[in-house]
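Novice: File follows, protein15.pdb with PDB, N, CA and C atoms:
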```pdb
ATOM      1  N   MET Q   1     -23.632  13.442  -8.802
ATOM      2  CA  MET Q   1     -24.331  14.470  -9.537
ATOM      3  C   MET Q   1     -25.824  14.454  -9.251
ATOM      4  N   SER Q   2     -26.406  13.270  -9.136
ATOM      5  CA  SER Q   2     -27.847  13.230  -8.939
ATOM      6  C   SER Q   2     -28.248  13.820  -7.596
ATOM      7  N   ASP Q   3     -27.364  13.719  -6.585
ATOM      8  CA  ASP Q   3     -27.693  14.313  -5.297
ATOM      9  C   ASP Q   3     -27.850  15.817  -5.408
ATOM     10  N   SER Q   4     -26.955  16.465  -6.145
ATOM     11  CA  SER Q   4     -27.067  17.914  -6.301
ATOM     12  C   SER Q   4     -28.257  18.272  -7.186
ATOM     13  N   SER Q   5     -28.579  17.412  -8.149
ATOM     14  CA  SER Q   5     -29.759  17.649  -8.998
ATOM     15  C   SER Q   5     -31.034  17.553  -8.174
ATOM     16  N   GLU Q   6     -31.104  16.537  -7.330
ATOM     17  CA  GLU Q   6     -32.282  16.367  -6.470
ATOM     18  C   GLU Q   6     -32.393  17.527  -5.491
ATOM     19  N   LEU Q   7     -31.279  17.923  -4.936
ATOM     20  CA  LEU Q   7     -31.275  19.026  -3.982
ATOM     21  C   LEU Q   7     -31.707  20.330  -4.647
ATOM     22  N   ALA Q   8     -31.225  20.574  -5.853
ATOM     23  CA  ALA Q   8     -31.612  21.784  -6.584
ATOM     24  C   ALA Q   8     -33.112  21.791  -6.859
ATOM     25  N   CYS Q   9     -33.643  20.656  -7.267
ATOM     26  CA  CYS Q   9     -35.090  20.575  -7.538
ATOM     27  C   CYS Q   9     -35.900  20.725  -6.258
ATOM     28  N   THR Q  10     -35.397  20.173  -5.182
ATOM     29  CA  THR Q  10     -36.090  20.293  -3.900
ATOM     30  C   THR Q  10     -36.164  21.745  -3.457
ATOM     31  N   TYR Q  11     -35.028  22.424  -3.504
ATOM     32  CA  TYR Q  11     -35.021  23.836  -3.113
ATOM     33  C   TYR Q  11     -35.895  24.682  -4.029
ATOM     34  N   ALA Q  12     -35.865  24.394  -5.316
ATOM     35  CA  ALA Q  12     -36.704  25.144  -6.258
ATOM     36  C   ALA Q  12     -38.184  24.922  -5.949
ATOM     37  N   ALA Q  13     -38.550  23.682  -5.640
ATOM     38  CA  ALA Q  13     -39.951  23.389  -5.298
ATOM     39  C   ALA Q  13     -40.348  24.090  -4.005
ATOM     40  N   LEU Q  14     -39.436  24.140  -3.039
ATOM     41  CA  LEU Q  14     -39.731  24.838  -1.793
ATOM     42  C   LEU Q  14     -39.890  26.341  -2.014
ATOM     43  N   ILE Q  15     -39.081  26.902  -2.890
ATOM     44  CA  ILE Q  15     -39.211  28.327  -3.214
ATOM     45  C   ILE Q  15     -40.570  28.605  -3.839
ATOM     46  N   LEU Q  16     -40.954  27.766  -4.781
ATOM     47  CA  LEU Q  16     -42.263  27.949  -5.430
ATOM     48  C   LEU Q  16     -43.396  27.803  -4.423
ATOM     49  N   ALA Q  17     -43.306  26.806  -3.549
ATOM     50  CA  ALA Q  17     -44.360  26.593  -2.555
ATOM     51  C   ALA Q  17     -44.438  27.765  -1.586
ATOM     52  N   ASP Q  18     -43.288  28.306  -1.211
ATOM     53  CA  ASP Q  18     -43.264  29.429  -0.281
ATOM     54  C   ASP Q  18     -43.910  30.666  -0.881
ATOM     55  N   ASP Q  19     -43.784  30.826  -2.187
ATOM     56  CA  ASP Q  19     -44.384  31.974  -2.865
ATOM     57  C   ASP Q  19     -45.801  31.685  -3.363
ATOM     58  N   ASP Q  20     -46.358  30.541  -2.969
ATOM     59  CA  ASP Q  20     -47.713  30.119  -3.384
ATOM     60  C   ASP Q  20     -47.867  30.088  -4.899
ATOM     61  N   ILE Q  21     -46.848  29.569  -5.568
ATOM     62  CA  ILE Q  21     -46.865  29.410  -7.020
ATOM     63  C   ILE Q  21     -46.985  27.922  -7.330
ATOM     64  N   ASP Q  22     -47.778  27.599  -8.350
ATOM     65  CA  ASP Q  22     -47.907  26.195  -8.739
ATOM     66  C   ASP Q  22     -46.544  25.616  -9.094
ATOM     67  N   ILE Q  23     -46.319  24.395  -8.636
ATOM     68  CA  ILE Q  23     -45.038  23.734  -8.887
ATOM     69  C   ILE Q  23     -45.138  22.972 -10.208
ATOM     70  N   THR Q  24     -44.420  23.467 -11.204
ATOM     71  CA  THR Q  24     -44.375  22.810 -12.508
ATOM     72  C   THR Q  24     -42.916  22.563 -12.888
ATOM     73  N   GLY Q  25     -42.720  21.657 -13.815
ATOM     74  CA  GLY Q  25     -41.370  21.361 -14.269
ATOM     75  C   GLY Q  25     -40.686  22.569 -14.873
ATOM     76  N   ASP Q  26     -41.436  23.354 -15.639
ATOM     77  CA  ASP Q  26     -40.862  24.551 -16.268
ATOM     78  C   ASP Q  26     -40.420  25.584 -15.236
ATOM     79  N   LYS Q  27     -41.227  25.750 -14.198
ATOM     80  CA  LYS Q  27     -40.889  26.736 -13.168
ATOM     81  C   LYS Q  27     -39.698  26.270 -12.335
ATOM     82  N   ILE Q  28     -39.632  24.981 -12.046
ATOM     83  CA  ILE Q  28     -38.471  24.443 -11.334
ATOM     84  C   ILE Q  28     -37.221  24.641 -12.181
ATOM     85  N   GLN Q  29     -37.336  24.330 -13.476
ATOM     86  CA  GLN Q  29     -36.199  24.488 -14.388
ATOM     87  C   GLN Q  29     -35.760  25.952 -14.469
ATOM     88  N   ALA Q  30     -36.711  26.878 -14.467
ATOM     89  CA  ALA Q  30     -36.376  28.303 -14.538
ATOM     90  C   ALA Q  30     -35.605  28.751 -13.301
ATOM     91  N   ILE Q  31     -36.006  28.274 -12.126
ATOM     92  CA  ILE Q  31     -35.298  28.639 -10.894
ATOM     93  C   ILE Q  31     -33.891  28.052 -10.899
ATOM     94  N   ILE Q  32     -33.777  26.799 -11.347
ATOM     95  CA  ILE Q  32     -32.460  26.156 -11.408
ATOM     96  C   ILE Q  32     -31.543  26.907 -12.364
ATOM     97  N   LYS Q  33     -32.094  27.324 -13.499
ATOM     98  CA  LYS Q  33     -31.300  28.072 -14.476
ATOM     99  C   LYS Q  33     -30.886  29.430 -13.908
ATOM    100  N   ALA Q  34     -31.822  30.096 -13.211
ATOM    101  CA  ALA Q  34     -31.514  31.398 -12.621
ATOM    102  C   ALA Q  34     -30.451  31.279 -11.525
ATOM    103  N   ALA Q  35     -30.402  30.120 -10.874
ATOM    104  CA  ALA Q  35     -29.400  29.906  -9.826
ATOM    105  C   ALA Q  35     -28.036  29.553 -10.399
ATOM    106  N   GLY Q  36     -27.996  29.277 -11.696
ATOM    107  CA  GLY Q  36     -26.723  28.967 -12.338
ATOM    108  C   GLY Q  36     -26.273  27.528 -12.168
ATOM    109  N   ILE Q  37     -27.191  26.653 -11.840
ATOM    110  CA  ILE Q  37     -26.853  25.238 -11.688
ATOM    111  C   ILE Q  37     -26.979  24.584 -13.059
ATOM    112  N   LYS Q  38     -25.897  23.985 -13.536
ATOM    113  CA  LYS Q  38     -25.867  23.507 -14.915
ATOM    114  C   LYS Q  38     -25.969  21.989 -15.070
ATOM    115  N   ASN Q  39     -25.690  21.224 -14.063
ATOM    116  CA  ASN Q  39     -25.610  19.778 -14.226
ATOM    117  C   ASN Q  39     -26.879  19.031 -13.821
ATOM    118  N   VAL Q  40     -28.033  19.633 -13.963
ATOM    119  CA  VAL Q  40     -29.285  18.977 -13.602
ATOM    120  C   VAL Q  40     -29.843  18.281 -14.844
ATOM    121  N   GLU Q  41     -30.050  16.987 -14.712
ATOM    122  CA  GLU Q  41     -30.642  16.223 -15.819
ATOM    123  C   GLU Q  41     -32.042  16.764 -16.092
ATOM    124  N   PRO Q  42     -32.452  16.789 -17.355
ATOM    125  CA  PRO Q  42     -33.735  17.416 -17.697
ATOM    126  C   PRO Q  42     -34.968  16.704 -17.150
ATOM    127  N   TYR Q  43     -34.846  15.466 -16.727
ATOM    128  CA  TYR Q  43     -36.022  14.752 -16.230
ATOM    129  C   TYR Q  43     -36.329  15.073 -14.765
ATOM    130  N   TRP Q  44     -35.348  15.594 -14.009
ATOM    131  CA  TRP Q  44     -35.574  15.856 -12.592
ATOM    132  C   TRP Q  44     -36.669  16.881 -12.322
ATOM    133  N   PRO Q  45     -36.672  18.041 -12.959
ATOM    134  CA  PRO Q  45     -37.734  19.012 -12.672
ATOM    135  C   PRO Q  45     -39.137  18.461 -12.947
ATOM    136  N   ALA Q  46     -39.281  17.755 -14.059
ATOM    137  CA  ALA Q  46     -40.598  17.183 -14.383
ATOM    138  C   ALA Q  46     -40.986  16.114 -13.368
ATOM    139  N   LEU Q  47     -40.019  15.321 -12.919
ATOM    140  CA  LEU Q  47     -40.287  14.273 -11.941
ATOM    141  C   LEU Q  47     -40.739  14.870 -10.609
ATOM    142  N   PHE Q  48     -40.050  15.905 -10.170
ATOM    143  CA  PHE Q  48     -40.440  16.563  -8.926
ATOM    144  C   PHE Q  48     -41.808  17.207  -9.058
ATOM    145  N   ALA Q  49     -42.051  17.867 -10.180
ATOM    146  CA  ALA Q  49     -43.341  18.524 -10.385
ATOM    147  C   ALA Q  49     -44.477  17.499 -10.379
ATOM    148  N   LYS Q  50     -44.250  16.372 -11.022
ATOM    149  CA  LYS Q  50     -45.284  15.333 -11.078
ATOM    150  C   LYS Q  50     -45.526  14.732  -9.692
ATOM    151  N   SER Q  51     -44.466  14.523  -8.944
ATOM    152  CA  SER Q  51     -44.628  13.926  -7.620
ATOM    153  C   SER Q  51     -45.284  14.888  -6.630
ATOM    154  N   LEU Q  52     -45.167  16.170  -6.862
ATOM    155  CA  LEU Q  52     -45.761  17.153  -5.960
ATOM    156  C   LEU Q  52     -47.077  17.720  -6.467
ATOM    157  N   SER Q  53     -47.562  17.223  -7.589
ATOM    158  CA  SER Q  53     -48.833  17.738  -8.101
ATOM    159  C   SER Q  53     -49.966  17.326  -7.166
ATOM    160  N   GLY Q  54     -50.778  18.285  -6.812
ATOM    161  CA  GLY Q  54     -51.909  18.024  -5.923
ATOM    162  C   GLY Q  54     -51.522  17.939  -4.453
ATOM    163  N   VAL Q  55     -50.279  18.248  -4.124
ATOM    164  CA  VAL Q  55     -49.810  18.190  -2.743
ATOM    165  C   VAL Q  55     -49.630  19.611  -2.223
ATOM    166  N   ASN Q  56     -50.161  19.867  -1.052
ATOM    167  CA  ASN Q  56     -49.944  21.153  -0.401
ATOM    168  C   ASN Q  56     -48.625  21.041   0.365
ATOM    169  N   VAL Q  57     -47.557  21.554  -0.215
ATOM    170  CA  VAL Q  57     -46.211  21.392   0.336
ATOM    171  C   VAL Q  57     -46.095  22.061   1.703
ATOM    172  N   LYS Q  58     -46.690  23.219   1.867
ATOM    173  CA  LYS Q  58     -46.621  23.911   3.157
ATOM    174  C   LYS Q  58     -47.278  23.071   4.248
ATOM    175  N   GLU Q  59     -48.420  22.491   3.958
ATOM    176  CA  GLU Q  59     -49.105  21.647   4.935
ATOM    177  C   GLU Q  59     -48.289  20.383   5.218
ATOM    178  N   LEU Q  60     -47.711  19.835   4.184
ATOM    179  CA  LEU Q  60     -46.883  18.649   4.339
ATOM    180  C   LEU Q  60     -45.712  18.927   5.275
ATOM    181  N   LEU Q  61     -45.063  20.049   5.095
ATOM    182  CA  LEU Q  61     -43.925  20.399   5.935
ATOM    183  C   LEU Q  61     -44.333  20.719   7.370
ATOM    184  N   SER Q  62     -45.497  21.314   7.538
ATOM    185  CA  SER Q  62     -45.919  21.660   8.894
ATOM    186  C   SER Q  62     -46.413  20.448   9.671
ATOM    187  N   ASN Q  63     -46.745  19.359   8.990
ATOM    188  CA  ASN Q  63     -47.230  18.155   9.663
ATOM    189  C   ASN Q  63     -46.184  17.055   9.768
ATOM    190  N   VAL Q  64     -44.956  17.353   9.465
ATOM    191  CA  VAL Q  64     -43.910  16.327   9.470
ATOM    192  C   VAL Q  64     -43.747  15.710  10.849
ATOM    193  N   GLY Q  65     -43.669  16.493  11.876
ATOM    194  CA  GLY Q  65     -43.422  15.968  13.212
ATOM    195  C   GLY Q  65     -44.652  15.875  14.079
ATOM    196  N   SER Q  66     -45.827  16.044  13.518
ATOM    197  CA  SER Q  66     -47.025  16.099  14.351
ATOM    198  C   SER Q  66     -47.442  14.749  14.901
ATOM    199  N   SER Q  67     -47.025  13.650  14.304
ATOM    200  CA  SER Q  67     -47.448  12.340  14.799
ATOM    201  C   SER Q  67     -46.276  11.550  15.362
ATOM    202  N   VAL Q  68     -45.299  12.229  15.918
ATOM    203  CA  VAL Q  68     -44.116  11.568  16.451
ATOM    204  C   VAL Q  68     -44.477  10.663  17.614
ATOM    205  N   GLY Q  69     -45.378  11.098  18.469
ATOM    206  CA  GLY Q  69     -45.736  10.311  19.645
ATOM    207  C   GLY Q  69     -46.466   9.032  19.332
ATOM    208  N   SER Q  70     -47.133   8.949  18.211
ATOM    209  CA  SER Q  70     -47.913   7.756  17.910
ATOM    210  C   SER Q  70     -47.067   6.627  17.345
ATOM    211  N   GLY Q  71     -45.815   6.896  16.996
ATOM    212  CA  GLY Q  71     -44.964   5.855  16.420
ATOM    213  C   GLY Q  71     -44.490   4.841  17.445
ATOM    214  N   ALA Q  72     -44.234   5.262  18.672
ATOM    215  CA  ALA Q  72     -43.701   4.365  19.687
ATOM    216  C   ALA Q  72     -44.688   3.279  20.084
ATOM    217  N   PRO Q  73     -45.967   3.593  20.361
ATOM    218  CA  PRO Q  73     -46.893   2.515  20.693
ATOM    219  C   PRO Q  73     -47.079   1.523  19.540
ATOM    220  N   ALA Q  74     -47.047   2.021  18.328
ATOM    221  CA  ALA Q  74     -47.190   1.113  17.187
ATOM    222  C   ALA Q  74     -45.985   0.190  17.104
ATOM    223  N   ALA Q  75     -44.813   0.719  17.380
ATOM    224  CA  ALA Q  75     -43.610  -0.107  17.350
ATOM    225  C   ALA Q  75     -43.645  -1.136  18.476
ATOM    226  N   ALA Q  76     -44.125  -0.738  19.637
ATOM    227  CA  ALA Q  76     -44.223  -1.683  20.752
ATOM    228  C   ALA Q  76     -45.228  -2.778  20.452
ATOM    229  N   ALA Q  77     -46.344  -2.415  19.839
ATOM    230  CA  ALA Q  77     -47.344  -3.420  19.474
ATOM    231  C   ALA Q  77     -46.793  -4.376  18.433
ATOM    232  N   ALA Q  78     -46.013  -3.861  17.507
ATOM    233  CA  ALA Q  78     -45.411  -4.720  16.493
ATOM    234  C   ALA Q  78     -44.387  -5.650  17.122
ATOM    235  N   ALA Q  79     -43.673  -5.185  18.124
ATOM    236  CA  ALA Q  79     -42.691  -6.029  18.798
ATOM    237  C   ALA Q  79     -43.371  -7.128  19.597
ATOM    238  N   ASP Q  80     -44.537  -6.830  20.169
ATOM    239  CA  ASP Q  80     -45.263  -7.834  20.947
ATOM    240  C   ASP Q  80     -45.941  -8.869  20.060
ATOM    241  N   ALA Q  81     -46.287  -8.510  18.858
ATOM    242  CA  ALA Q  81     -47.022  -9.418  17.978
ATOM    243  C   ALA Q  81     -46.256 -10.705  17.686
ATOM    244  N   PRO Q  82     -44.972 -10.675  17.346
ATOM    245  CA  PRO Q  82     -44.267 -11.931  17.099
ATOM    246  C   PRO Q  82     -44.167 -12.785  18.349
ATOM    247  N   ALA Q  83     -44.034 -12.170  19.516
ATOM    248  CA  ALA Q  83     -43.942 -12.930  20.751
ATOM    249  C   ALA Q  83     -45.248 -13.649  21.021
ATOM    250  N   ALA Q  84     -46.361 -12.994  20.765
ATOM    251  CA  ALA Q  84     -47.659 -13.625  20.971
ATOM    252  C   ALA Q  84     -47.869 -14.744  19.966
ATOM    253  N   GLY Q  85     -47.387 -14.563  18.761
ATOM    254  CA  GLY Q  85     -47.529 -15.592  17.739
ATOM    255  C   GLY Q  85     -46.616 -16.776  17.994
ATOM    256  N   ALA Q  86     -45.531 -16.577  18.713
ATOM    257  CA  ALA Q  86     -44.580 -17.652  18.976
ATOM    258  C   ALA Q  86     -45.105 -18.604  20.042
ATOM    259  N   ALA Q  87     -45.896 -18.124  20.981
ATOM    260  CA  ALA Q  87     -46.394 -18.973  22.062
ATOM    261  C   ALA Q  87     -47.269 -20.117  21.541
ATOM    262  N   PRO Q  88     -48.246 -19.894  20.662
ATOM    263  CA  PRO Q  88     -49.038 -21.010  20.161
ATOM    264  C   PRO Q  88     -48.190 -22.024  19.394
ATOM    265  N   ALA Q  89     -47.158 -21.546  18.729
ATOM    266  CA  ALA Q  89     -46.310 -22.482  17.992
ATOM    267  C   ALA Q  89     -45.599 -23.419  18.949
ATOM    268  N   LYS Q  90     -45.149 -22.926  20.101
ATOM    269  CA  LYS Q  90     -44.494 -23.767  21.095
ATOM    270  C   LYS Q  90     -45.474 -24.779  21.671
ATOM    271  N   ALA Q  91     -46.717 -24.353  21.888
ATOM    272  CA  ALA Q  91     -47.720 -25.264  22.420
ATOM    273  C   ALA Q  91     -47.983 -26.396  21.432
ATOM    274  N   GLU Q  92     -48.014 -26.069  20.158
ATOM    275  CA  GLU Q  92     -48.223 -27.095  19.146
ATOM    276  C   GLU Q  92     -47.067 -28.078  19.130
ATOM    277  N   GLU Q  93     -45.854 -27.573  19.280
ATOM    278  CA  GLU Q  93     -44.686 -28.451  19.307
ATOM    279  C   GLU Q  93     -44.767 -29.412  20.479
ATOM    280  N   LYS Q  94     -45.220 -28.929  21.626
ATOM    281  CA  LYS Q  94     -45.356 -29.765  22.804
ATOM    282  C   LYS Q  94     -46.350 -30.891  22.555
ATOM    283  N   LYS Q  95     -47.485 -30.561  21.934
ATOM    284  CA  LYS Q  95     -48.512 -31.556  21.638
ATOM    285  C   LYS Q  95     -47.963 -32.617  20.703
ATOM    286  N   VAL Q  96     -47.184 -32.187  19.699
ATOM    287  CA  VAL Q  96     -46.609 -33.137  18.752
ATOM    288  C   VAL Q  96     -45.645 -34.068  19.478
ATOM    289  N   GLU Q  97     -44.822 -33.529  20.360
ATOM    290  CA  GLU Q  97     -43.877 -34.353  21.103
ATOM    291  C   GLU Q  97     -44.605 -35.334  22.008
ATOM    292  N   GLU Q  98     -45.690 -34.901  22.666
ATOM    293  CA  GLU Q  98     -46.469 -35.777  23.542
ATOM    294  C   GLU Q  98     -47.080 -36.920  22.748
ATOM    295  N   SER Q  99     -47.612 -36.624  21.574
ATOM    296  CA  SER Q  99     -48.230 -37.673  20.777
ATOM    297  C   SER Q  99     -47.182 -38.652  20.280
ATOM    298  N   GLU Q 100     -45.988 -38.192  19.975
ATOM    299  CA  GLU Q 100     -44.914 -39.088  19.559
ATOM    300  C   GLU Q 100     -44.496 -39.995  20.700
ATOM    301  N   SER Q 101     -44.427 -39.441  21.922
ATOM    302  CA  SER Q 101     -44.024 -40.256  23.056
ATOM    303  C   SER Q 101     -45.106 -41.281  23.383
ATOM    304  N   GLU Q 102     -46.366 -40.956  23.142
ATOM    305  CA  GLU Q 102     -47.436 -41.928  23.350
ATOM    306  C   GLU Q 102     -47.305 -43.084  22.364
ATOM    307  N   ASP Q 103     -46.887 -42.796  21.146
ATOM    308  CA  ASP Q 103     -46.699 -43.845  20.167
ATOM    309  C   ASP Q 103     -45.555 -44.772  20.558
ATOM    310  N   ASP Q 104     -44.557 -44.238  21.207
ATOM    311  CA  ASP Q 104     -43.418 -45.034  21.633
ATOM    312  C   ASP Q 104     -43.804 -46.022  22.749
ATOM    313  N   ASP Q 105     -44.796 -45.663  23.545
ATOM    314  CA  ASP Q 105     -45.210 -46.520  24.653
ATOM    315  C   ASP Q 105     -45.885 -47.789  24.151
ATOM    316  N   MET Q 106     -46.422 -47.782  23.004
ATOM    317  CA  MET Q 106     -47.133 -48.936  22.501
ATOM    318  C   MET Q 106     -46.209 -49.973  22.117
TER     319      MET Q 106
END
```
Show how you would write the structure in this file as structure tokens.

Specialist:
Amino acid sequence: MSDSSELACTYAALILADDDIDITGDKIQAIIKAAGIKNVEPYWPALFAKSLSGVNVKELLSNVGSSVGSGAPAAAAAADAPAAGAAPAKAEEKKVEESESEDDDM
């Protein structure tokens, strides 16, 4: 049920944004009621309205895929970071082993 409630609120918010109308809980609820959807919990419209307050929904939607290319280099850098951090740890292990073997010689 919550999936259909969320979907109804999402579509209602998109309708309001498309018509350049402020997104409020009451307006979302009115669209849901006009659509004949009956199983929407009363907190969903207010939650969506609060989460979208101060957000330009049209701009948000138009910028969804604009930074797709920048994700790959960041992922590659993140993948290289653990490898770079692992090398000093191996060097430290080697030093510890060398010092232990020196103690054995005595």

Novice: Between CA of Ala46 in chain Q and CA of Ala8 in chain Q, what is the spacing in Å?

Specialist: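 Pair CA of Ala8 in chain Q / CA of Ala46 in chain Q returns 12.8 Å.
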
Novice: Could you tell me how far CA of Ile37 in chain Q sits from atom N of Thr10 in chain Q, in Å to one decimal place?

Specialist: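 CA of Ile37 in chain Q lies 11.9 Å from atom N of Thr10 in chain Q.
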
Novice: Starting from the shown file, work through the PyMOL selection byres (((chain Q and resi 44 and name CA) around 12) and name CA) and note down what comes out as an NGL selection string.

Specialist: :Q and (1-10 or 12-13 or 24-26 or 28-29 or 32 or 39-43 or 45-51)

Novice: I need the residues from that last selection saved to file as a short mmCIF file (atom, residue, chain, number, x, y, z; two decimals), in the frame of the given file (with N, CA and C atoms), if you can.

Specialist:
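In the end it all went to part.cif:
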```cif
data_model
loop_
_atom_site.label_atom_id
_atom_site.label_comp_id
_atom_site.auth_asym_id
_atom_site.auth_seq_id
_atom_site.Cartn_x
_atom_site.Cartn_y
_atom_site.Cartn_z
N MET Q 1 -23.63 13.44 -8.80
CA MET Q 1 -24.33 14.47 -9.54
C MET Q 1 -25.82 14.45 -9.25
N SER Q 2 -26.41 13.27 -9.14
CA SER Q 2 -27.85 13.23 -8.94
C SER Q 2 -28.25 13.82 -7.60
N ASP Q 3 -27.36 13.72 -6.58
CA ASP Q 3 -27.69 14.31 -5.30
C ASP Q 3 -27.85 15.82 -5.41
N SER Q 4 -26.96 16.46 -6.14
CA SER Q 4 -27.07 17.91 -6.30
C SER Q 4 -28.26 18.27 -7.19
N SER Q 5 -28.58 17.41 -8.15
CA SER Q 5 -29.76 17.65 -9.00
C SER Q 5 -31.03 17.55 -8.17
N GLU Q 6 -31.10 16.54 -7.33
CA GLU Q 6 -32.28 16.37 -6.47
C GLU Q 6 -32.39 17.53 -5.49
N LEU Q 7 -31.28 17.92 -4.94
CA LEU Q 7 -31.28 19.03 -3.98
C LEU Q 7 -31.71 20.33 -4.65
N ALA Q 8 -31.22 20.57 -5.85
CA ALA Q 8 -31.61 21.78 -6.58
C ALA Q 8 -33.11 21.79 -6.86
N CYS Q 9 -33.64 20.66 -7.27
CA CYS Q 9 -35.09 20.58 -7.54
C CYS Q 9 -35.90 20.72 -6.26
N THR Q 10 -35.40 20.17 -5.18
CA THR Q 10 -36.09 20.29 -3.90
C THR Q 10 -36.16 21.74 -3.46
N ALA Q 12 -35.86 24.39 -5.32
CA ALA Q 12 -36.70 25.14 -6.26
C ALA Q 12 -38.18 24.92 -5.95
N ALA Q 13 -38.55 23.68 -5.64
CA ALA Q 13 -39.95 23.39 -5.30
C ALA Q 13 -40.35 24.09 -4.00
N THR Q 24 -44.42 23.47 -11.20
CA THR Q 24 -44.38 22.81 -12.51
C THR Q 24 -42.92 22.56 -12.89
N GLY Q 25 -42.72 21.66 -13.82
CA GLY Q 25 -41.37 21.36 -14.27
C GLY Q 25 -40.69 22.57 -14.87
N ASP Q 26 -41.44 23.35 -15.64
CA ASP Q 26 -40.86 24.55 -16.27
C ASP Q 26 -40.42 25.58 -15.24
N ILE Q 28 -39.63 24.98 -12.05
CA ILE Q 28 -38.47 24.44 -11.33
C ILE Q 28 -37.22 24.64 -12.18
N GLN Q 29 -37.34 24.33 -13.48
CA GLN Q 29 -36.20 24.49 -14.39
C GLN Q 29 -35.76 25.95 -14.47
N ILE Q 32 -33.78 26.80 -11.35
CA ILE Q 32 -32.46 26.16 -11.41
C ILE Q 32 -31.54 26.91 -12.36
N ASN Q 39 -25.69 21.22 -14.06
CA ASN Q 39 -25.61 19.78 -14.23
C ASN Q 39 -26.88 19.03 -13.82
N VAL Q 40 -28.03 19.63 -13.96
CA VAL Q 40 -29.28 18.98 -13.60
C VAL Q 40 -29.84 18.28 -14.84
N GLU Q 41 -30.05 16.99 -14.71
CA GLU Q 41 -30.64 16.22 -15.82
C GLU Q 41 -32.04 16.76 -16.09
N PRO Q 42 -32.45 16.79 -17.36
CA PRO Q 42 -33.74 17.42 -17.70
C PRO Q 42 -34.97 16.70 -17.15
N TYR Q 43 -34.85 15.47 -16.73
CA TYR Q 43 -36.02 14.75 -16.23
C TYR Q 43 -36.33 15.07 -14.76
N PRO Q 45 -36.67 18.04 -12.96
CA PRO Q 45 -37.73 19.01 -12.67
C PRO Q 45 -39.14 18.46 -12.95
N ALA Q 46 -39.28 17.76 -14.06
CA ALA Q 46 -40.60 17.18 -14.38
C ALA Q 46 -40.99 16.11 -13.37
N LEU Q 47 -40.02 15.32 -12.92
CA LEU Q 47 -40.29 14.27 -11.94
C LEU Q 47 -40.74 14.87 -10.61
N PHE Q 48 -40.05 15.90 -10.17
CA PHE Q 48 -40.44 16.56 -8.93
C PHE Q 48 -41.81 17.21 -9.06
N ALA Q 49 -42.05 17.87 -10.18
CA ALA Q 49 -43.34 18.52 -10.38
C ALA Q 49 -44.48 17.50 -10.38
N LYS Q 50 -44.25 16.37 -11.02
CA LYS Q 50 -45.28 15.33 -11.08
C LYS Q 50 -45.53 14.73 -9.69
N SER Q 51 -44.47 14.52 -8.94
CA SER Q 51 -44.63 13.93 -7.62
C SER Q 51 -45.28 14.89 -6.63
#
```

Novice: Just give me the gap between CA of Ser53 in chain Q and CA of Ile23 in chain Q in Å, one decimal is fine.

Specialist: 7.1 Å

Novice: Might you pull out every residue within 12 Å of Leu61 in chain Q, with only C-alpha atoms counted and same-chain residues fewer than 4 positions away left off, and present them as a list in words?

Specialist: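 With the cut-off at 12 Å, the set is Leu14, Ala17, Asp18, Val55, Asn56, Val57, Gly65 and Ser66 of chain Q.
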
Novice: Kindly compute an axis-aligned box around the listed atoms of range 4-13 of chain Q, allowing 3 Å on each side, and express its centre and edge lengths in Å to one decimal as AutoDock Vina command-line options.

Specialist:
```
--center_x -33.7 --center_y 20.8 --center_z -6.1 --size_x 19.4 --size_y 14.8 --size_z 11.9
```

Novice: Can you pull out every residue from range 2-51 of chain Q that DSSP, working from the backbone, puts in alpha helix (DSSP H), and format the result as a ChimeraX atom specification?

Specialist: /Q:2-18,25-35,43-51
